[in-house]
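Okay, final-v9.csv is below, CSV, C-alpha atoms:
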chain,number,residue,atom,x,y,z
A,30,MET,CA,44.6,-7.6,-118.0
A,31,ASP,CA,41.6,-5.9,-119.5
A,32,GLN,CA,39.9,-9.3,-120.0
A,33,MET,CA,40.1,-9.9,-116.2
A,34,GLY,CA,38.4,-6.6,-115.6
A,35,GLY,CA,41.2,-5.1,-113.5
A,36,SER,CA,44.1,-2.6,-113.8
A,37,ILE,CA,47.8,-3.2,-113.4
A,38,ASN,CA,47.7,-1.3,-110.1
A,39,GLU,CA,45.2,-3.7,-108.7
A,40,ALA,CA,47.2,-6.7,-110.0
A,41,LEU,CA,50.7,-5.8,-108.8
A,42,ARG,CA,51.8,-5.3,-105.2
A,43,ASP,CA,54.3,-2.6,-104.2
A,44,ASP,CA,57.2,-5.0,-103.9
A,45,GLU,CA,56.5,-6.3,-107.5
A,46,LEU,CA,56.4,-2.7,-108.8
A,47,ARG,CA,59.7,-2.0,-107.0
A,48,SER,CA,61.1,-5.1,-108.8
A,49,VAL,CA,60.1,-3.7,-112.1
A,50,LEU,CA,61.6,-0.3,-111.2
A,51,ALA,CA,64.9,-2.0,-110.2
A,52,LYS,CA,65.2,-3.5,-113.7
A,53,LEU,CA,65.2,-0.1,-115.4
A,54,GLU,CA,68.8,0.8,-116.2
A,55,SER,CA,68.6,4.5,-117.3
A,56,GLN,CA,67.7,7.3,-115.0
A,57,ARG,CA,65.4,8.7,-117.7
A,58,ASP,CA,63.3,5.4,-117.7
A,59,LYS,CA,63.1,5.6,-113.9
A,60,GLU,CA,61.8,9.2,-114.1
A,61,VAL,CA,59.2,8.1,-116.7
A,62,PHE,CA,58.1,5.3,-114.4
A,63,GLY,CA,57.1,8.0,-111.8
A,64,LEU,CA,54.9,9.8,-114.3
A,65,VAL,CA,52.4,6.9,-114.6
A,66,CYS,CA,50.4,7.8,-111.5
A,67,LYS,CA,50.8,9.0,-107.9
A,68,ARG,CA,51.4,5.6,-106.6
A,69,TRP,CA,54.2,4.9,-109.0
A,70,LEU,CA,55.6,8.3,-108.3
A,71,HIS,CA,55.7,7.5,-104.6
A,72,LEU,CA,57.4,4.2,-105.2
A,73,GLN,CA,59.9,5.8,-107.6
A,74,SER,CA,60.7,8.5,-105.0
A,75,THR,CA,61.1,6.2,-102.1
A,76,GLU,CA,63.5,4.0,-104.2
A,77,ARG,CA,65.7,6.9,-105.2
A,78,ARG,CA,69.2,6.7,-103.7
A,79,ARG,CA,71.0,9.8,-104.9
A,80,LEU,CA,70.1,13.4,-105.1
A,81,SER,CA,71.9,16.7,-105.9
A,82,ALA,CA,70.1,19.9,-104.9
A,83,ARG,CA,70.1,23.5,-103.8
A,84,ALA,CA,67.3,24.0,-101.3
A,85,GLY,CA,66.4,25.8,-98.1
A,86,PRO,CA,64.9,24.2,-95.0
A,87,HIS,CA,61.3,24.2,-96.3
A,88,MET,CA,62.1,22.4,-99.5
A,89,LEU,CA,64.5,20.0,-97.7
A,90,ARG,CA,61.6,18.9,-95.4
A,91,LYS,CA,59.5,18.1,-98.5
A,92,MET,CA,62.4,16.3,-100.0
A,93,ALA,CA,63.0,14.3,-96.9
A,94,ALA,CA,59.3,13.2,-96.8
A,95,ARG,CA,59.4,12.2,-100.5
A,96,PHE,CA,62.8,10.6,-100.8
A,97,SER,CA,62.7,8.7,-97.5
A,98,ARG,CA,65.3,6.1,-98.4
A,99,LEU,CA,67.9,8.5,-99.8
A,100,HIS,CA,71.5,7.3,-99.3
A,101,GLU,CA,73.5,10.1,-101.0
A,102,LEU,CA,72.9,13.8,-100.9
A,103,ASP,CA,75.1,16.5,-102.6
A,104,LEU,CA,74.5,20.1,-101.6
A,105,SER,CA,77.9,21.4,-102.8
A,106,GLN,CA,78.2,25.0,-103.9
A,107,SER,CA,80.1,26.1,-107.0
A,108,LEU,CA,83.0,28.4,-106.5
A,109,SER,CA,82.1,30.5,-109.6
A,110,ARG,CA,78.3,30.5,-109.2
A,111,SER,CA,77.6,30.5,-105.5
A,112,PHE,CA,74.1,31.6,-104.3
A,113,TYR,CA,73.1,33.5,-101.2
A,114,PRO,CA,72.8,32.5,-98.4
A,115,GLY,CA,73.8,29.0,-99.5
A,116,VAL,CA,73.7,26.0,-97.2
A,117,THR,CA,73.2,27.0,-93.6
A,118,ASP,CA,73.2,25.3,-90.2
A,119,SER,CA,69.4,25.3,-90.3
A,120,ASP,CA,69.6,23.2,-93.5
A,121,LEU,CA,71.9,20.7,-91.8
A,122,SER,CA,69.5,20.4,-88.9
A,123,VAL,CA,66.7,19.5,-91.3
A,124,ILE,CA,69.0,16.9,-93.0
A,125,ALA,CA,70.0,15.4,-89.7
A,126,ASN,CA,66.4,15.0,-88.6
A,127,GLY,CA,64.8,14.0,-92.0
A,128,PHE,CA,67.2,11.9,-94.0
A,129,ASN,CA,67.7,9.0,-91.5
A,130,CYS,CA,69.1,6.6,-94.1
A,131,LEU,CA,71.8,8.9,-95.4
A,132,ARG,CA,75.2,7.3,-96.0
A,133,LEU,CA,77.0,10.0,-98.0
A,134,LEU,CA,76.8,13.8,-97.6
A,135,THR,CA,78.7,16.3,-99.8
A,136,LEU,CA,79.0,19.9,-98.7
A,137,GLN,CA,82.0,21.2,-100.7
A,138,ASN,CA,82.4,25.0,-100.6
A,139,CYS,CA,79.5,25.5,-98.2
A,140,LYS,CA,81.1,28.5,-96.6
A,141,GLY,CA,78.1,29.4,-94.4
A,142,VAL,CA,78.2,26.1,-92.4
A,143,THR,CA,79.6,26.2,-88.9
A,144,ASP,CA,80.2,23.8,-86.1
A,145,ALA,CA,76.6,24.0,-84.9
A,146,GLY,CA,75.3,22.5,-88.2
A,147,ILE,CA,78.0,19.8,-88.2
A,148,ILE,CA,77.2,18.9,-84.6
A,149,ALA,CA,73.6,18.3,-85.7
A,150,ILE,CA,74.8,15.9,-88.4
A,151,GLY,CA,77.0,14.0,-85.9
A,152,SER,CA,74.1,13.5,-83.5
A,153,GLY,CA,71.4,12.8,-86.2
A,154,LEU,CA,73.0,10.7,-88.9
A,155,SER,CA,74.6,7.7,-87.1
A,156,SER,CA,74.7,5.7,-90.3
A,157,LEU,CA,76.8,8.2,-92.2
A,158,GLN,CA,79.8,6.7,-94.0
A,159,SER,CA,81.1,9.6,-96.0
A,160,LEU,CA,81.3,13.3,-95.4
A,161,ASP,CA,82.9,15.9,-97.6
A,162,VAL,CA,83.2,19.4,-96.1
A,163,SER,CA,86.1,20.5,-98.2
A,164,TYR,CA,86.6,24.3,-98.1
A,165,CYS,CA,83.9,24.8,-95.4
A,166,ARG,CA,86.4,27.2,-93.8
A,167,LYS,CA,84.5,27.9,-90.5
A,168,LEU,CA,84.7,24.4,-89.2
A,169,THR,CA,86.9,23.4,-86.3
A,170,ASP,CA,87.7,20.4,-84.2
A,171,LYS,CA,84.6,20.9,-82.1
A,172,GLY,CA,82.1,20.2,-84.9
A,173,LEU,CA,84.0,17.5,-86.7
A,174,SER,CA,84.8,15.7,-83.4
A,175,ALA,CA,81.1,15.4,-82.9
A,176,VAL,CA,80.8,13.7,-86.3
A,177,ALA,CA,83.6,11.3,-85.3
A,178,GLN,CA,81.8,10.4,-82.0
A,179,GLY,CA,78.3,10.1,-83.5
A,180,CYS,CA,79.2,8.4,-86.9
A,181,SER,CA,81.3,5.5,-85.8
A,182,ASP,CA,80.9,3.8,-89.2
A,183,LEU,CA,82.6,6.7,-91.1
A,184,ARG,CA,84.7,5.4,-94.0
A,185,ALA,CA,85.6,8.7,-95.8
A,186,LEU,CA,86.2,12.2,-94.6
A,187,HIS,CA,87.3,15.0,-96.8
A,188,LEU,CA,88.6,18.2,-95.1
A,189,ALA,CA,90.7,20.0,-97.7
A,190,GLY,CA,91.1,23.6,-96.9
A,191,CYS,CA,89.7,23.3,-93.3
A,192,ARG,CA,92.6,25.3,-91.9
A,193,PHE,CA,91.3,25.2,-88.2
A,194,ILE,CA,91.6,21.4,-87.9
A,195,THR,CA,94.2,20.2,-85.5
A,196,ASP,CA,95.6,17.0,-84.0
A,197,ALA,CA,92.6,16.9,-81.7
A,198,LEU,CA,90.3,15.8,-84.5
A,199,LEU,CA,92.7,13.0,-85.5
A,200,HIS,CA,92.6,11.8,-81.9
A,201,ALA,CA,88.8,11.7,-82.0
A,202,LEU,CA,88.9,9.7,-85.3
A,203,SER,CA,91.4,7.3,-83.8
A,204,ASN,CA,89.1,6.6,-80.9
A,205,ASN,CA,85.8,6.3,-82.7
A,206,CYS,CA,86.2,5.6,-86.5
A,207,HIS,CA,88.1,2.4,-86.8
A,208,SER,CA,86.7,1.7,-90.3
A,209,LEU,CA,88.1,4.9,-91.8
A,210,GLN,CA,89.6,4.3,-95.2
A,211,HIS,CA,89.7,7.7,-97.0
A,212,LEU,CA,91.0,10.9,-95.3
A,213,ALA,CA,91.8,14.1,-97.2
A,214,LEU,CA,93.6,16.8,-95.2
A,215,GLN,CA,95.1,19.0,-97.9
A,216,GLY,CA,96.1,22.4,-96.5
A,217,CYS,CA,95.3,21.5,-92.9
A,218,THR,CA,98.6,23.0,-91.7
A,219,ASN,CA,97.9,22.6,-88.0
A,220,ILE,CA,98.2,18.8,-88.0
A,221,SER,CA,101.5,17.3,-87.1
A,222,ASP,CA,103.5,14.1,-86.9
A,223,SER,CA,102.0,13.5,-83.5
A,224,GLY,CA,98.5,13.7,-84.8
A,225,LEU,CA,99.2,11.3,-87.6
A,226,SER,CA,100.8,8.8,-85.2
A,227,ASP,CA,97.7,9.1,-83.0
A,228,LEU,CA,95.4,8.6,-85.9
A,229,VAL,CA,96.8,5.3,-87.1
A,230,ASN,CA,96.8,3.9,-83.6
A,231,GLY,CA,93.0,3.4,-84.1
A,232,CYS,CA,92.6,3.7,-87.9
A,233,GLN,CA,94.6,1.0,-89.5
A,234,GLN,CA,92.5,0.4,-92.6
A,235,ILE,CA,93.4,3.7,-94.4
A,236,GLU,CA,93.7,3.3,-98.2
A,237,PHE,CA,93.8,6.9,-99.2
A,238,LEU,CA,95.6,9.7,-97.3
A,239,ASP,CA,95.9,13.2,-98.8
A,240,ILE,CA,98.2,15.4,-96.7
A,241,ASN,CA,99.3,17.7,-99.5
A,242,LYS,CA,100.6,21.1,-98.3
A,243,CYS,CA,100.6,20.0,-94.6
A,244,SER,CA,103.8,21.7,-93.8
A,245,ASN,CA,104.2,20.3,-90.3
A,246,ILE,CA,104.2,16.7,-91.5
A,247,GLY,CA,107.6,15.0,-91.6
A,248,ASP,CA,109.3,11.6,-91.6
A,249,ILE,CA,108.0,10.5,-88.2
A,250,GLY,CA,104.3,10.9,-89.2
A,251,VAL,CA,104.7,9.3,-92.6
A,252,SER,CA,106.6,6.4,-91.1
A,253,SER,CA,103.9,5.8,-88.5
A,254,VAL,CA,101.3,5.6,-91.3
A,255,SER,CA,103.4,3.2,-93.5
A,256,LYS,CA,103.8,0.8,-90.6
A,257,ALA,CA,100.3,0.9,-89.2
A,258,CYS,CA,98.6,0.8,-92.6
A,259,SER,CA,101.1,-1.4,-94.4
A,260,SER,CA,98.6,-3.7,-96.2
A,261,SER,CA,95.8,-1.2,-96.8
A,262,LEU,CA,97.6,2.0,-98.0
A,263,LYS,CA,97.2,2.6,-101.8
A,264,THR,CA,97.4,6.3,-102.2
A,265,LEU,CA,99.6,8.8,-100.3
A,266,LYS,CA,99.8,12.5,-101.3
A,267,LEU,CA,102.6,14.5,-99.8
A,268,LEU,CA,102.8,17.5,-102.2
A,269,ASP,CA,105.0,20.3,-100.8
A,270,CYS,CA,105.6,18.5,-97.5
A,271,TYR,CA,109.1,19.9,-97.3
A,272,ARG,CA,110.0,18.1,-94.1
A,273,VAL,CA,109.5,14.7,-95.7
A,274,GLY,CA,112.8,13.0,-96.8
A,275,ASP,CA,114.4,9.7,-97.5
A,276,GLU,CA,113.3,8.1,-94.2
A,277,SER,CA,109.6,8.4,-95.3
A,278,ILE,CA,110.3,6.7,-98.7
A,279,ILE,CA,112.4,4.0,-97.1
A,280,SER,CA,109.6,3.2,-94.7
A,281,LEU,CA,107.0,3.1,-97.5
A,282,ALA,CA,109.3,0.8,-99.6
A,283,THR,CA,109.7,-1.5,-96.6
A,284,PHE,CA,106.1,-1.8,-95.4
A,285,CYS,CA,103.6,-0.7,-98.1
A,286,LYS,CA,103.4,-3.6,-100.6
A,287,ASN,CA,100.1,-2.4,-102.2
A,288,LEU,CA,101.0,1.3,-102.8
A,289,GLU,CA,99.6,2.5,-106.2
A,290,THR,CA,99.8,6.3,-106.1
A,291,LEU,CA,102.6,8.3,-104.5
A,292,ILE,CA,102.9,12.1,-104.8
A,293,ILE,CA,106.1,13.6,-103.4
A,294,GLY,CA,106.4,16.7,-105.6
A,295,GLY,CA,108.2,19.5,-103.8
A,296,CYS,CA,109.8,17.2,-101.2
A,297,ARG,CA,113.3,18.4,-102.0
A,298,ASP,CA,115.3,16.3,-99.5
A,299,ILE,CA,114.4,13.0,-101.2
A,300,SER,CA,117.3,11.5,-103.0
A,301,ASP,CA,118.3,8.6,-105.3
A,302,ALA,CA,119.0,6.3,-102.4
A,303,SER,CA,115.4,6.0,-101.2
A,304,ILE,CA,113.9,6.1,-104.8
A,305,ASN,CA,116.2,3.2,-105.8
A,306,LEU,CA,114.9,1.2,-102.8
A,307,LEU,CA,111.3,2.1,-103.7
A,308,ALA,CA,111.9,0.8,-107.3
A,309,SER,CA,113.1,-2.6,-106.0
A,310,SER,CA,110.6,-3.0,-103.1
A,311,SER,CA,107.5,-5.2,-102.9
A,312,CYS,CA,105.3,-2.3,-104.2
A,313,LYS,CA,107.1,-2.1,-107.5
A,314,GLY,CA,104.4,-4.2,-109.1
A,315,SER,CA,101.5,-2.2,-107.7
A,316,LEU,CA,102.9,1.3,-108.3
A,317,LYS,CA,100.9,3.1,-111.0
A,318,ASN,CA,101.3,6.8,-110.4
A,319,LEU,CA,104.4,8.6,-109.3
A,320,ARG,CA,104.8,12.3,-109.0
A,321,MET,CA,108.2,13.7,-108.0
A,322,ASP,CA,108.5,17.1,-109.7
A,323,TRP,CA,110.8,19.5,-107.9
A,324,CYS,CA,112.6,16.7,-106.2
A,325,LEU,CA,115.9,18.3,-107.1
A,326,ASN,CA,118.2,15.5,-105.8
A,327,ILE,CA,116.7,12.9,-108.2
A,328,THR,CA,119.1,11.9,-111.0
A,329,ASP,CA,119.3,9.4,-113.9
A,330,SER,CA,120.2,6.6,-111.5
A,331,SER,CA,116.9,6.4,-109.6
A,332,LEU,CA,114.7,7.3,-112.6
A,333,SER,CA,116.2,4.5,-114.6
A,334,CYS,CA,115.4,2.1,-111.8
A,335,ILE,CA,111.9,3.3,-111.6
A,336,LEU,CA,111.3,2.8,-115.4
A,337,LEU,CA,112.9,-0.6,-115.5
A,338,GLN,CA,111.5,-2.2,-112.4
A,339,CYS,CA,108.0,-0.6,-111.9
A,340,ARG,CA,106.5,-2.4,-114.9
A,341,ASN,CA,102.9,-1.3,-114.2
A,342,LEU,CA,103.6,2.4,-113.9
A,343,GLU,CA,101.1,4.5,-115.9
A,344,ALA,CA,101.9,8.1,-114.9
A,345,LEU,CA,105.2,9.7,-114.1
A,346,ASP,CA,106.0,13.4,-113.4
A,347,ILE,CA,109.6,14.4,-113.0
A,348,GLY,CA,109.1,18.1,-113.9
A,349,CYS,CA,111.9,20.5,-112.8
A,350,CYS,CA,114.2,17.6,-111.9
A,351,GLU,CA,117.1,19.4,-113.5
A,352,GLU,CA,119.7,16.7,-113.1
A,353,VAL,CA,117.8,14.1,-115.1
A,354,SER,CA,119.1,13.6,-118.7
A,355,ASP,CA,118.8,11.3,-121.7
A,356,ALA,CA,120.9,8.8,-119.8
A,357,ALA,CA,117.9,7.9,-117.6
A,358,PHE,CA,116.2,6.3,-120.7
A,359,GLN,CA,119.2,4.5,-122.2
A,360,GLY,CA,118.5,1.4,-120.1
A,361,LEU,CA,115.1,1.0,-121.9
A,362,ASN,CA,116.9,-0.1,-125.0
A,363,GLY,CA,119.2,-2.6,-123.3
A,364,GLY,CA,119.1,-6.3,-123.2
A,365,GLU,CA,115.4,-7.0,-122.9
A,366,VAL,CA,114.1,-6.6,-126.5
A,367,GLU,CA,110.5,-7.5,-125.3
A,368,LEU,CA,110.4,-4.7,-122.7
A,369,THR,CA,107.3,-2.6,-123.2
A,370,LEU,CA,106.3,0.1,-120.7
A,371,THR,CA,102.6,0.7,-119.7
A,372,LEU,CA,103.3,4.4,-119.3
A,373,LYS,CA,100.4,6.6,-120.4
A,374,VAL,CA,101.4,10.0,-119.0
A,375,LEU,CA,105.0,11.4,-118.9
A,376,LYS,CA,105.7,14.9,-117.6
A,377,VAL,CA,109.3,16.2,-118.0
A,378,SER,CA,108.6,19.9,-118.2
A,379,ASN,CA,111.6,22.1,-117.4
A,380,CYS,CA,114.2,19.3,-117.6
A,381,PRO,CA,117.0,21.1,-119.5
A,382,LYS,CA,119.2,18.0,-120.0
A,383,ILE,CA,116.6,15.9,-121.7
A,384,SER,CA,116.7,16.1,-125.5
A,385,VAL,CA,114.8,14.8,-128.6
A,386,ALA,CA,117.1,11.7,-128.4
A,387,GLY,CA,115.8,10.9,-124.9
A,388,ILE,CA,112.2,11.3,-126.1
A,389,ALA,CA,112.9,9.0,-129.0
A,390,MET,CA,114.0,6.2,-126.6
A,391,VAL,CA,110.9,6.7,-124.5
A,392,LEU,CA,108.6,6.4,-127.6
A,393,GLU,CA,110.2,3.2,-128.7
A,394,LYS,CA,109.1,1.4,-125.5
A,395,CYS,CA,106.0,3.5,-124.5
A,396,GLN,CA,103.5,2.6,-127.2
A,397,MET,CA,100.5,3.4,-124.9
A,398,LEU,CA,101.5,7.0,-124.2
A,399,LYS,CA,98.6,9.4,-124.2
A,400,TYR,CA,100.1,12.6,-122.8
A,401,LEU,CA,103.7,13.9,-123.0
A,402,ASP,CA,104.6,17.2,-121.3
A,403,VAL,CA,107.8,18.7,-122.6
A,404,ARG,CA,107.2,22.4,-121.8
A,405,SER,CA,110.2,24.6,-121.0
A,406,CYS,CA,112.6,21.9,-122.2
A,407,PRO,CA,115.0,24.0,-124.3
A,408,GLN,CA,116.3,20.9,-126.3
A,409,ILE,CA,112.9,19.7,-127.2
A,410,THR,CA,110.8,21.5,-129.8
A,411,LYS,CA,108.1,20.5,-132.2
A,412,GLY,CA,110.4,21.3,-135.1
A,413,GLY,CA,113.2,19.2,-133.6
A,414,CYS,CA,110.9,16.2,-133.1
A,415,ASP,CA,109.6,16.5,-136.7
A,416,GLU,CA,113.1,16.7,-138.0
A,417,ALA,CA,114.1,13.6,-136.1
A,418,GLY,CA,111.1,11.8,-137.5
A,419,LEU,CA,109.6,11.0,-134.2
A,420,GLN,CA,106.4,9.0,-134.4
A,421,PHE,CA,104.1,9.7,-131.5
A,422,PRO,CA,101.2,7.3,-130.7
A,423,GLN,CA,98.1,8.4,-132.6
A,424,SER,CA,96.1,9.3,-129.5
A,425,CYS,CA,99.0,11.0,-127.7
A,426,LYS,CA,98.8,14.7,-126.9
A,427,VAL,CA,102.2,16.4,-126.8
A,428,ASN,CA,102.4,19.7,-124.9
A,429,PHE,CA,105.2,21.8,-126.2
A,430,THR,CA,104.2,25.3,-125.2
A,431,GLY,CA,101.0,25.1,-123.0
A,432,SER,CA,100.6,27.0,-119.7
A,433,LEU,CA,102.5,25.6,-116.7
A,434,GLY,CA,99.4,26.4,-114.7
A,435,GLU,CA,97.1,23.9,-116.5
A,436,PRO,CA,95.5,21.1,-114.4
A,437,ASP,CA,97.5,17.9,-113.8
A,438,VAL,CA,96.8,15.0,-116.0
A,439,PHE,CA,96.2,11.8,-114.0
A,440,LEU,CA,98.2,13.2,-111.1
Take the structure in this file and express it as structure tokens.
Amino acid sequence: MDQMGGSINEALRDDELRSVLAKLESQRDKEVFGLVCKRWLHLQSTERRRLSARAGPHMLRKMAARFSRLHELDLSQSLSRSFYPGVTDSDLSVIANGFNCLRLLTLQNCKGVTDAGIIAIGSGLSSLQSLDVSYCRKLTDKGLSAVAQGCSDLRALHLAGCRFITDALLHALSNNCHSLQHLALQGCTNISDSGLSDLVNGCQQIEFLDINKCSNIGDIGVSSVSKACSSSLKTLKLLDCYRVGDESIISLATFCKNLETLIIGGCRDISDASINLLASSSCKGSLKNLRMDWCLNITDSSLSCILLQCRNLEALDIGCCEEVSDAAFQGLNGGEVELTLTLKVLKVSNCPKISVAGIAMVLEKCQMLKYLDVRSCPQITKGGCDEAGLQFPQSCKVNFTGSLGEPDVFL
């Protein structure tokens, strides 16, 4: 290049430099690229797609000018290290006017945000595909309905802890956001079966639905979802939805052939009858994660069916199912010598009828086990397992005495 008497900047066009930048794999190399000169810094900035920041309106305007093609912006606040005043409606107005290419916006725990700011997002970011306002506790149907109306290509909406949300928002989503795939409504206790039924009239591509702790949801709402989203639904979370019973599980077993994750912990009216049907349904090959702790009517019969027929199951939680005993595992050592389970996580905490003998049967067929929870099982102790000569997989963590409040593994 020196022999030609020119510089690399004179020889390469912007699109050629962008091609070079695109071939750099690590973020560090991309940052170094921007240190060469102002031109390269400008190109590096305009090609940046993701950014996490804490900034006020003045700095956000500068960021919008520099990162003009940004697709993903995360302004989430930490629960333990929040800063004053945090993200405000003024910040959201700047974002709505400055980041025109934005596809994903994350605002978790931004407690200062109100409907006014979210309305600005709805009117300014028509290309938005994902919005996470979990635990933005001031938001209501008014603001989020504006997002539904203005962002018709919305694919994911996370609203955990937004307690003022009602069926009115689900109606707005149904009318405007037909491509919606992920919807998280944990703790939105004002939504009902009617709202869910309304939602799936227009949103029939839902893959992920979290309605944990939505206490007004029952069999009618769940059945509506299973029928309308029969081919798309992969994850359904119903933790502590105490109105949900066998009718919901039967509907899921009948229609949802691609179901991968089902959480029904605390749904105490669910019985062996529906779980047996689930185990023999068309989703038995797709089911990977099943949480049914505190389902007090579950017994050895249905658990045995799950273990024998759901061959791709990776995580199973039957904590506090007090009627389950060693007999549930006896079928594992039956006629099929080649039977090997893919189970990686098994949680049987507070199951008083399960003993070391039952765990021995599990270990014989679960060679991929990585986590075993046997807390508060009076017949299972570390000493008892050692005395019985149990051989746990090398990478398996066995929790004998840990806190019951620890985070869930996989589930």
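Proximity of A:Asp322, A:Asp222, A:Asp170, A:Glu236 to Arg184 in chain A, computed with all atoms listed in the file, is greatest for A:Glu236.
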Subject >> 12 Å contact set for Ile293 in chain A, all atoms listed in the file, chain neighbours under 2 positions out, as number ranges by chain >> reply: A: 239-242, 247, 251, 264-275, 277-278, 290-291, 295-300, 304, 318-325, 327, 345-348, 440
With a distance cut-off of 9 Å and all atoms listed in the file, select the neighbouring residues of range 192-209 of chain A, excluding the residue or stretch itself and same-chain residues fewer than 2 positions from it, and output the selection as an mmCIF file with C-alpha atoms, in the coordinates of the input.
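Here's the written file out-v1.cif:
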data_model
loop_
_atom_site.group_PDB
_atom_site.id
_atom_site.type_symbol
_atom_site.label_atom_id
_atom_site.label_comp_id
_atom_site.auth_asym_id
_atom_site.auth_seq_id
_atom_site.Cartn_x
_atom_site.Cartn_y
_atom_site.Cartn_z
ATOM 1 C CA GLN A 158 79.800 6.700 -94.000
ATOM 2 C CA TYR A 164 86.600 24.300 -98.100
ATOM 3 C CA ARG A 166 86.400 27.200 -93.800
ATOM 4 C CA LYS A 167 84.500 27.900 -90.500
ATOM 5 C CA LEU A 168 84.700 24.400 -89.200
ATOM 6 C CA THR A 169 86.900 23.400 -86.300
ATOM 7 C CA ASP A 170 87.700 20.400 -84.200
ATOM 8 C CA LYS A 171 84.600 20.900 -82.100
ATOM 9 C CA LEU A 173 84.000 17.500 -86.700
ATOM 10 C CA SER A 174 84.800 15.700 -83.400
ATOM 11 C CA ALA A 175 81.100 15.400 -82.900
ATOM 12 C CA ALA A 177 83.600 11.300 -85.300
ATOM 13 C CA GLN A 178 81.800 10.400 -82.000
ATOM 14 C CA GLY A 179 78.300 10.100 -83.500
ATOM 15 C CA CYS A 180 79.200 8.400 -86.900
ATOM 16 C CA SER A 181 81.300 5.500 -85.800
ATOM 17 C CA ASP A 182 80.900 3.800 -89.200
ATOM 18 C CA LEU A 183 82.600 6.700 -91.100
ATOM 19 C CA ARG A 184 84.700 5.400 -94.000
ATOM 20 C CA ALA A 185 85.600 8.700 -95.800
ATOM 21 C CA LEU A 186 86.200 12.200 -94.600
ATOM 22 C CA LEU A 188 88.600 18.200 -95.100
ATOM 23 C CA ALA A 189 90.700 20.000 -97.700
ATOM 24 C CA GLY A 190 91.100 23.600 -96.900
ATOM 25 C CA HIS A 211 89.700 7.700 -97.000
ATOM 26 C CA LEU A 212 91.000 10.900 -95.300
ATOM 27 C CA LEU A 214 93.600 16.800 -95.200
ATOM 28 C CA GLY A 216 96.100 22.400 -96.500
ATOM 29 C CA CYS A 217 95.300 21.500 -92.900
ATOM 30 C CA THR A 218 98.600 23.000 -91.700
ATOM 31 C CA ASN A 219 97.900 22.600 -88.000
ATOM 32 C CA ILE A 220 98.200 18.800 -88.000
ATOM 33 C CA SER A 221 101.500 17.300 -87.100
ATOM 34 C CA ASP A 222 103.500 14.100 -86.900
ATOM 35 C CA SER A 223 102.000 13.500 -83.500
ATOM 36 C CA GLY A 224 98.500 13.700 -84.800
ATOM 37 C CA LEU A 225 99.200 11.300 -87.600
ATOM 38 C CA ASP A 227 97.700 9.100 -83.000
ATOM 39 C CA LEU A 228 95.400 8.600 -85.900
ATOM 40 C CA VAL A 229 96.800 5.300 -87.100
ATOM 41 C CA ASN A 230 96.800 3.900 -83.600
ATOM 42 C CA GLY A 231 93.000 3.400 -84.100
ATOM 43 C CA CYS A 232 92.600 3.700 -87.900
ATOM 44 C CA GLN A 233 94.600 1.000 -89.500
ATOM 45 C CA GLN A 234 92.500 0.400 -92.600
ATOM 46 C CA ILE A 235 93.400 3.700 -94.400
ATOM 47 C CA GLU A 236 93.700 3.300 -98.200
#
Original post:
Which residues come within 9 Å of Thr369 in chain A, counting only C-alpha atoms, excluding same-chain residues fewer than 5 positions away, as a PyMOL selection string?
Top reply: chain A and resi 340+361+393-396
Residues just named, written with C-alpha atoms as a PDB file, in the frame of the given file:
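Saved as again12.pdb:
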ATOM      1  CA  ARG A 340     106.500  -2.400-114.900  1.00  0.00           C
ATOM      2  CA  LEU A 361     115.100   1.000-121.900  1.00  0.00           C
ATOM      3  CA  GLU A 393     110.200   3.200-128.700  1.00  0.00           C
ATOM      4  CA  LYS A 394     109.100   1.400-125.500  1.00  0.00           C
ATOM      5  CA  CYS A 395     106.000   3.500-124.500  1.00  0.00           C
ATOM      6  CA  GLN A 396     103.500   2.600-127.200  1.00  0.00           C
TER       7      GLN A 396
END
Subject >> Spatial neighbours of Ser310 in chain A, 10 Å, all atoms listed in the file, chain gap at least 6 places, as number ranges by chain >> reply: A: 279, 281-286, 304, 338-339
Subject >> Spatial neighbours of Gly172 in chain A, max dist 8 Å, only C-alpha atoms, sep filter under 4 positions, as number ranges by chain >> reply: A: 143-148, 168, 176
Subject >> A:Ala386, A:Cys243, A:Val374, A:Leu288 ranked by distance to Cys312 in chain A, top pick (using only C-alpha atoms) >> reply: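 Among A:Ala386, A:Cys243, A:Val374, A:Leu288, it is A:Leu288 that comes nearest to Cys312 in chain A.
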Original post:
What is the distance between CA of Met92 in chain A and CA of Val162 in chain A, in Å to one decimal?
Top reply: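 It comes out at 21.4 Å.
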Original post:
Distance CA of Leu53 in chain A-CA of Ile124 in chain A, one decimal place?
Top reply: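 Taking CA of Leu53 in chain A and CA of Ile124 in chain A, their separation equals 28.4 Å.
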Original post:
Between A:Gln408, A:Ser255, A:Ser152, A:Asn287, which has the minimum distance to Ser122 in chain A (counting all atoms listed in the file)?
Top reply: A:Ser152
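Considering the residues A:Glu276, A:Asp161, A:Glu60, A:Glu101 and counting only C-alpha atoms, Cys130 in chain A has its shortest atom-to-atom contact with A:Glu101.
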Subject >> Coordinates-based distance that separates CA of Leu368 in chain A from CA of Gly294 in chain A (Å, one decimal) >> reply: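 For CA of Gly294 in chain A relative to CA of Leu368 in chain A, the distance reads 27.7 Å.
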Original post:
Which of these, A:Lys256, A:Arg83, A:Lys373, A:Lys382, has the shortest distance to Asp402 in chain A once you count only C-alpha atoms?
Top reply: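 Among the listed residues, A:Lys373 lies closest to Asp402 in chain A.
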Around all listed atoms of range 257-273 of chain A, padded 6 Å per side, what centre and edge lengths does the axis-aligned box have in Å to one decimal, as AutoDock Vina command-line options?
--center_x 102.9 --center_y 8.3 --center_z -95.7 --size_x 26.2 --size_y 36.0 --size_z 25.0
